[in-house]
file coords_36.cif (mmCIF, C-alpha atoms)
data_entry
#
loop_
_atom_site.label_atom_id
_atom_site.label_comp_id
_atom_site.auth_asym_id
_atom_site.auth_seq_id
_atom_site.Cartn_x
_atom_site.Cartn_y
_atom_site.Cartn_z
CA MET A 1 -12.62 -19.70 -15.23
CA SER A 2 -11.18 -16.16 -15.15
CA PHE A 3 -10.56 -13.94 -12.16
CA GLY A 4 -13.59 -11.78 -13.04
CA GLN A 5 -15.88 -14.79 -13.30
CA ARG A 6 -14.73 -16.15 -9.95
CA LEU A 7 -15.14 -12.71 -8.41
CA ARG A 8 -18.70 -12.41 -9.75
CA ASP A 9 -19.64 -15.95 -8.72
CA ARG A 10 -18.26 -15.55 -5.20
CA ARG A 11 -20.01 -12.19 -4.78
CA LYS A 12 -23.33 -13.72 -5.79
CA GLU A 13 -22.68 -16.76 -3.59
CA LEU A 14 -22.38 -14.41 -0.59
CA GLY A 15 -25.47 -12.46 -1.65
CA ILE A 16 -23.52 -9.21 -2.11
CA SER A 17 -24.61 -6.73 -4.77
CA GLN A 18 -22.12 -4.82 -6.92
CA GLY A 19 -23.04 -1.67 -4.99
CA GLU A 20 -22.40 -3.31 -1.62
CA LEU A 21 -19.06 -4.69 -2.80
CA ALA A 22 -18.08 -1.29 -4.19
CA LYS A 23 -18.84 0.35 -0.84
CA ALA A 24 -16.87 -2.27 1.08
CA LEU A 25 -13.86 -1.83 -1.23
CA GLY A 26 -14.07 1.98 -1.36
CA ILE A 27 -14.45 2.07 -5.15
CA SER A 28 -17.20 2.84 -7.66
CA VAL A 29 -19.83 0.39 -8.90
CA SER A 30 -18.47 0.79 -12.43
CA ALA A 31 -15.03 -0.26 -11.21
CA VAL A 32 -16.51 -3.48 -9.77
CA SER A 33 -18.22 -4.14 -13.09
CA ASN A 34 -14.95 -3.58 -14.97
CA TYR A 35 -13.11 -6.00 -12.67
CA GLU A 36 -15.77 -8.66 -13.18
CA THR A 37 -15.70 -8.29 -16.96
CA GLY A 38 -11.90 -8.21 -17.05
CA LEU A 39 -11.65 -4.70 -18.50
CA ASN A 40 -9.39 -3.48 -15.68
CA ALA A 41 -6.82 -5.08 -13.37
CA MET A 42 -7.37 -4.51 -9.67
CA ARG A 43 -5.06 -2.19 -7.71
CA GLU A 44 -3.08 -3.83 -4.92
CA ASP A 45 -4.80 -1.98 -2.06
CA VAL A 46 -8.24 -2.91 -3.41
CA LEU A 47 -7.08 -6.48 -3.97
CA LEU A 48 -6.15 -6.92 -0.32
CA ARG A 49 -9.56 -5.68 0.83
CA LEU A 50 -11.26 -7.95 -1.71
CA PHE A 51 -9.72 -11.13 -0.25
CA HIS A 52 -11.10 -10.18 3.15
CA VAL A 53 -14.57 -9.10 1.98
CA LEU A 54 -15.07 -12.26 -0.08
CA GLN A 55 -13.54 -14.41 2.70
CA VAL A 56 -11.23 -16.21 0.28
CA GLU A 57 -7.51 -16.85 -0.17
CA PRO A 58 -5.77 -15.34 -3.23
CA ASN A 59 -5.38 -18.73 -4.89
CA TYR A 60 -9.18 -19.12 -4.99
CA LEU A 61 -9.55 -16.17 -7.34
CA TYR A 62 -6.30 -16.75 -9.23
CA GLN A 63 -5.91 -20.55 -9.35
CA ASP A 64 -6.68 -20.73 -13.07
CA ASP A 65 -5.24 -17.35 -14.02
CA PHE A 66 -1.76 -17.98 -12.66
CA GLU A 67 -1.58 -21.22 -14.63
CA SER A 68 -3.09 -20.05 -17.91
CA ARG A 69 -2.02 -16.36 -17.77
CA GLN A 70 -5.44 -15.47 -19.20
CA LEU A 71 -5.60 -12.52 -16.80
CA THR A 72 -2.91 -9.88 -17.27
CA LEU A 73 -1.51 -8.62 -13.98
CA SER A 74 1.16 -6.02 -13.50
CA ALA A 75 4.47 -7.17 -12.06
CA GLU A 76 3.61 -5.36 -8.83
CA GLU A 77 0.22 -7.11 -8.57
CA GLU A 78 1.75 -10.52 -9.13
CA ARG A 79 4.46 -9.79 -6.57
CA LEU A 80 1.86 -8.71 -4.04
CA VAL A 81 -0.30 -11.81 -4.48
CA ARG A 82 2.67 -14.16 -4.33
CA ARG A 83 4.03 -12.49 -1.21
CA TYR A 84 0.60 -12.73 0.41
CA ARG A 85 0.35 -16.42 -0.43
CA ALA A 86 3.83 -17.00 1.01
CA LEU A 87 2.92 -15.48 4.38
CA ARG A 88 2.01 -17.62 7.32
CA VAL A 89 -1.39 -17.17 8.96
CA PRO A 90 -0.26 -14.36 11.38
CA GLY A 91 1.23 -12.42 8.50
CA ARG A 92 -1.92 -12.75 6.42
CA GLN A 93 -4.03 -11.66 9.37
CA ALA A 94 -1.80 -8.60 9.90
CA LEU A 95 -2.08 -7.68 6.22
CA ARG A 96 -5.85 -7.97 6.30
CA ALA A 97 -5.99 -5.83 9.45
CA VAL A 98 -3.95 -3.13 7.71
CA ALA A 99 -6.23 -3.20 4.66
CA ASP A 100 -9.35 -3.07 6.85
CA SER A 101 -7.96 -0.13 8.78
CA LEU A 102 -7.17 1.86 5.64
CA ALA A 103 -10.56 0.99 4.14
CA ALA A 104 -12.33 2.10 7.32
CA CYS A 105 -10.54 5.45 7.22
CA GLN A 106 -11.54 5.97 3.60
CA GLU A 107 -15.14 4.94 4.21
CA GLU A 108 -15.40 7.28 7.18
CA LEU A 109 -13.98 10.14 5.14
CA GLU A 110 -16.39 9.49 2.26
CA ALA A 111 -19.34 9.17 4.65
CA GLU A 112 -18.58 12.47 6.38
CA THR A 113 -17.80 14.58 3.32
CA PRO A 114 -20.07 13.49 0.43
CA GLU A 115 -21.60 16.93 -0.06
CA GLN A 116 -18.59 19.08 0.73
CA ASP A 117 -16.74 20.87 -2.00
CA LEU A 118 -13.53 20.77 0.02
CA ARG A 119 -11.90 17.36 0.14
CA GLN A 120 -10.37 16.10 3.40
CA ILE A 121 -7.73 13.48 4.14
CA PRO A 122 -6.62 11.89 7.43
CA LEU A 123 -3.47 13.25 9.09
CA TYR A 124 -1.81 10.72 11.37
CA ARG A 125 -0.51 12.86 14.21
CA SER A 126 1.59 10.60 16.48
CA PRO A 127 5.25 10.84 15.51
CA ALA A 128 7.95 8.41 16.59
CA ALA A 129 11.71 8.90 16.66
CA ALA A 130 14.34 9.06 13.92
CA GLY A 131 12.36 8.97 10.73
CA TYR A 132 9.48 6.84 12.01
CA ALA A 133 5.88 7.59 11.11
CA ALA A 134 2.63 7.22 13.05
CA PRO A 135 2.68 3.76 14.68
CA VAL A 136 -1.06 3.01 14.53
CA PHE A 137 -2.92 3.39 11.24
CA GLY A 138 -6.66 3.71 11.62
CA GLU A 139 -6.31 5.44 14.99
CA ASP A 140 -4.87 8.67 16.37
CA PHE A 141 -5.59 10.93 13.39
CA ASP A 142 -7.34 14.16 12.44
CA TYR A 143 -8.90 15.19 9.15
CA ILE A 144 -7.28 18.08 7.30
CA ASP A 145 -8.66 20.09 4.38
CA VAL A 146 -7.02 19.60 0.99
CA THR A 147 -6.05 23.17 0.19
CA GLY A 148 -3.64 24.56 -2.36
CA GLN A 149 -0.68 23.48 -0.20
CA VAL A 150 -1.73 19.82 -0.29
CA PRO A 151 -1.03 17.78 -3.46
CA GLN A 152 -4.34 16.83 -5.08
CA GLY A 153 -3.25 13.21 -5.35
CA ALA A 154 -2.69 12.89 -1.60
CA GLU A 155 -4.82 10.25 0.15
CA PHE A 156 -3.47 10.71 3.69
CA ALA A 157 -0.73 12.59 5.53
CA VAL A 158 1.84 11.62 8.17
CA ARG A 159 3.92 13.74 10.55
CA ILE A 160 7.60 12.76 10.66
CA GLN A 161 10.03 13.24 13.52
CA GLY A 162 13.79 12.75 13.32
CA ASP A 163 16.59 13.65 10.96
CA SER A 164 17.04 10.42 8.99
CA MET A 165 15.24 11.82 5.91
CA GLU A 166 16.71 15.35 5.90
CA PRO A 167 17.17 17.60 4.03
CA PHE A 168 14.30 16.39 1.84
CA ILE A 169 11.90 15.64 4.72
CA LEU A 170 12.55 17.83 7.75
CA ASP A 171 12.12 16.89 11.38
CA GLY A 172 8.53 17.68 12.40
CA SER A 173 7.27 18.11 8.85
CA THR A 174 4.16 16.58 7.30
CA VAL A 175 4.41 14.32 4.26
CA TYR A 176 1.54 13.59 1.89
CA VAL A 177 1.01 10.04 0.66
CA ASN A 178 -0.92 8.26 -2.08
CA ARG A 179 -1.34 4.53 -2.63
CA ASP A 180 0.34 4.29 -6.03
CA PRO A 181 2.66 1.27 -6.47
CA LEU A 182 6.28 2.04 -5.60
CA SER A 183 9.15 2.08 -8.08
CA ASN A 184 12.82 1.96 -7.18
CA GLY A 185 13.86 5.34 -5.77
CA ASP A 186 10.41 6.27 -4.45
CA VAL A 187 9.96 7.22 -0.80
CA GLY A 188 7.26 5.30 1.02
CA ILE A 189 5.63 4.67 4.37
CA PHE A 190 6.38 1.12 5.54
CA CYS A 191 5.58 -1.19 8.42
CA VAL A 192 8.57 -3.46 9.11
CA ASP A 193 8.06 -6.03 11.84
CA GLY A 194 5.44 -3.77 13.40
CA GLU A 195 7.51 -0.56 13.23
CA MET A 196 6.47 2.34 11.01
CA LEU A 197 9.17 3.81 8.77
CA CYS A 198 9.50 6.54 6.18
CA LYS A 199 12.26 5.41 3.82
CA GLN A 200 13.46 5.33 0.22
CA TYR A 201 12.65 2.04 -1.52
CA LEU A 202 14.82 -0.21 -3.66
CA ARG A 203 14.31 -3.81 -4.73
CA ASP A 204 17.31 -5.30 -6.55
CA ARG A 205 17.47 -8.10 -9.10
CA LEU A 206 17.99 -10.69 -6.37
CA GLY A 207 14.77 -9.66 -4.65
CA ILE A 208 16.55 -7.94 -1.76
CA VAL A 209 14.65 -4.90 -0.47
CA TYR A 210 16.58 -1.87 0.79
CA LEU A 211 14.94 0.93 2.78
CA PHE A 212 17.32 3.88 2.75
CA SER A 213 17.56 7.01 4.87
CA LEU A 214 17.86 10.06 2.60
CA ASN A 215 20.23 11.58 5.14
CA ARG A 216 23.30 9.44 4.46
CA LEU A 217 24.80 10.55 7.76
CA ARG A 218 22.03 8.40 9.22
CA SER A 219 22.76 5.30 7.16
CA ASP A 220 22.68 3.43 10.46
CA ALA A 221 18.89 3.65 10.18
CA ASP A 222 18.80 1.85 6.81
CA VAL A 223 16.92 -1.45 6.65
CA VAL A 224 17.92 -4.42 4.47
CA LEU A 225 15.41 -7.22 3.91
CA PRO A 226 16.81 -10.28 2.11
CA ARG A 227 14.22 -12.63 0.63
CA SER A 228 15.08 -15.28 3.21
CA SER A 229 15.03 -12.94 6.21
CA GLY A 230 11.56 -13.99 7.37
CA ARG A 231 10.81 -10.38 8.31
CA THR A 232 7.46 -8.74 7.53
CA MET A 233 7.14 -5.56 5.44
CA VAL A 234 3.96 -3.79 4.37
CA CYS A 235 3.94 -0.64 2.25
CA PHE A 236 1.19 1.88 3.07
CA GLY A 237 1.87 4.23 0.18
CA ARG A 238 4.19 6.50 -1.77
CA VAL A 239 5.30 9.83 -0.32
CA ILE A 240 4.67 12.71 -2.74
CA LEU A 241 7.88 14.73 -3.07
CA GLN A 242 8.51 17.87 -5.09
CA GLU A 243 11.59 16.31 -6.65
CA ARG A 244 12.83 12.80 -7.23
CA VAL A 245 15.78 11.80 -5.04
CA GLY A 246 18.61 9.70 -6.47
CA LEU A 247 19.39 6.36 -4.89
CA PRO A 248 22.56 6.18 -2.77
CA GLY A 249 25.59 4.12 -3.71
CA ARG A 250 27.38 1.68 -1.49
CA ALA A 251 31.03 1.99 -0.51
CA GLY A 252 33.22 1.48 -3.61
CA GLU A 253 30.21 1.07 -5.91
CA GLN A 254 28.27 3.21 -8.33
CA PRO A 255 24.91 4.54 -7.14
CA PHE A 256 21.94 2.22 -7.56
CA SER A 257 19.86 2.76 -10.68
#

call {"tool": "encode", "arguments": {"input": "coords_36.cif", "output": "structure tokens"}}
result
Amino acid sequence: MSFGQRLRDRRKELGISQGELAKALGISVSAVSNYETGLNAMREDVLLRLFHVLQVEPNYLYQDDFESRQLTLSAEEERLVRRYRALRVPGRQALRAVADSLAACQEELEAETPEQDLRQIPLYRSPAAAGYAAPVFGEDFDYIDVTGQVPQGAEFAVRIQGDSMEPFILDGSTVYVNRDPLSNGDVGIFCVDGEMLCKQYLRDRLGIVYLFSLNRLRSDADVVLPRSSGRTMVCFGRVILQERVGLPGRAGEQPFS
């Protein structure tokens, strides 16, 4: 049985219509239909909300697909599902809470602005020190209008305080974020062991994750997460920058690529 079939069967088992599921996931009814028929692969942020809404573990929806490879997932989607399955119960609960919080923000925004021509996004307004972002997603935010100064792809905004990302992201500035999957060299908003960070992302061939400060004078604020570290990292989204920033090199080595 495919992912789409299991999704459809579980939805019907719970008595949820396609429209109700679409609203809970913050997507269109046609998107739900495409997921159930296998026309489209589900984005990672939607996937996390889906596990919670359907009250199932990832292996319930994917138990046949991971073995038969009948469903084509992107490398990022497979990585996300495997990392979720590897988490202990507290980690899974934290991930679900994050997804619920982001979904609630989106639902509230869509409920308040369905007839407005001007789109709005949440701006998280509580800064923390040295390159940290707002510590509580889903709380402590205002809505801002998406004007010509805001990238059209932005889904939320975060105020940054500290110099660890200068000169590309200045102390006190606002960054705009979407939920596109990250590639090496992208800047993202992360939660590492409960602390919110704005850093440049790199995952090497050994699976080690590096979160770099763009200001290399503040390399003391870098974070390294080996696969066996046991630490928890959640990515909230990709920071939209006007230019792509090269990855730093390590002492005596060529820059990462």

call {"tool": "residues_around", "arguments": {"input": "coords_36.cif", "residues": "stretch 166-177 of chain A", "least_positions_apart": "6", "cutoff": "12 Å", "atoms": "only C-alpha atoms", "output": "ChimeraX atom specification"}}
result
/A:121-134,144,146,149-160,186-190,198-200,212-219,235-246

call {"tool": "closest_residue", "arguments": {"input": "coords_36.cif", "among": "A:Glu20, A:Asp220, A:Glu13, A:Glu107", "to": "A:Ser164", "atoms": "all atoms listed in the file"}}
result
A:Asp220

call {"tool": "residues_near_point", "arguments": {"input": "coords_36.cif", "point": "(-15.5, 0.8, -4.7)", "cutoff": "12 Å", "atoms": "all atoms listed in the file", "output": "PyMOL selection string"}}
result
chain A and resi 17-35+42-43+45-47+49-50+53+103+106-107+110

call {"tool": "residues_around", "arguments": {"input": "coords_36.cif", "residues": "A:Gly4", "least_positions_apart": "6", "cutoff": "6 Å", "atoms": "all atoms listed in the file", "output": "PyMOL selection string"}}
result
chain A and resi 35-38

call {"tool": "atom_distance", "arguments": {"input": "coords_36.cif", "atom1": "atom CA of A:Val56", "atom2": "atom CA of A:Asp9"}}
result
12.3 Å

call {"tool": "closest_atom_pairs", "arguments": {"input": "coords_36.cif", "of": "stretch 147-214 of chain A", "to": "stretch 73-92 of chain A", "cutoff": "10 Å", "atoms": "all atoms listed in the file", "output": "JSON lines"}}
result
{"residue": "A:Pro181", "atom": "CA", "partner": "A:Glu76", "partner_atom": "CA", "distance": 7.1}
{"residue": "A:Leu182", "atom": "CA", "partner": "A:Glu76", "partner_atom": "CA", "distance": 8.5}
{"residue": "A:Ser183", "atom": "CA", "partner": "A:Glu76", "partner_atom": "CA", "distance": 9.3}
{"residue": "A:Asp193", "atom": "CA", "partner": "A:Gly91", "partner_atom": "CA", "distance": 9.9}
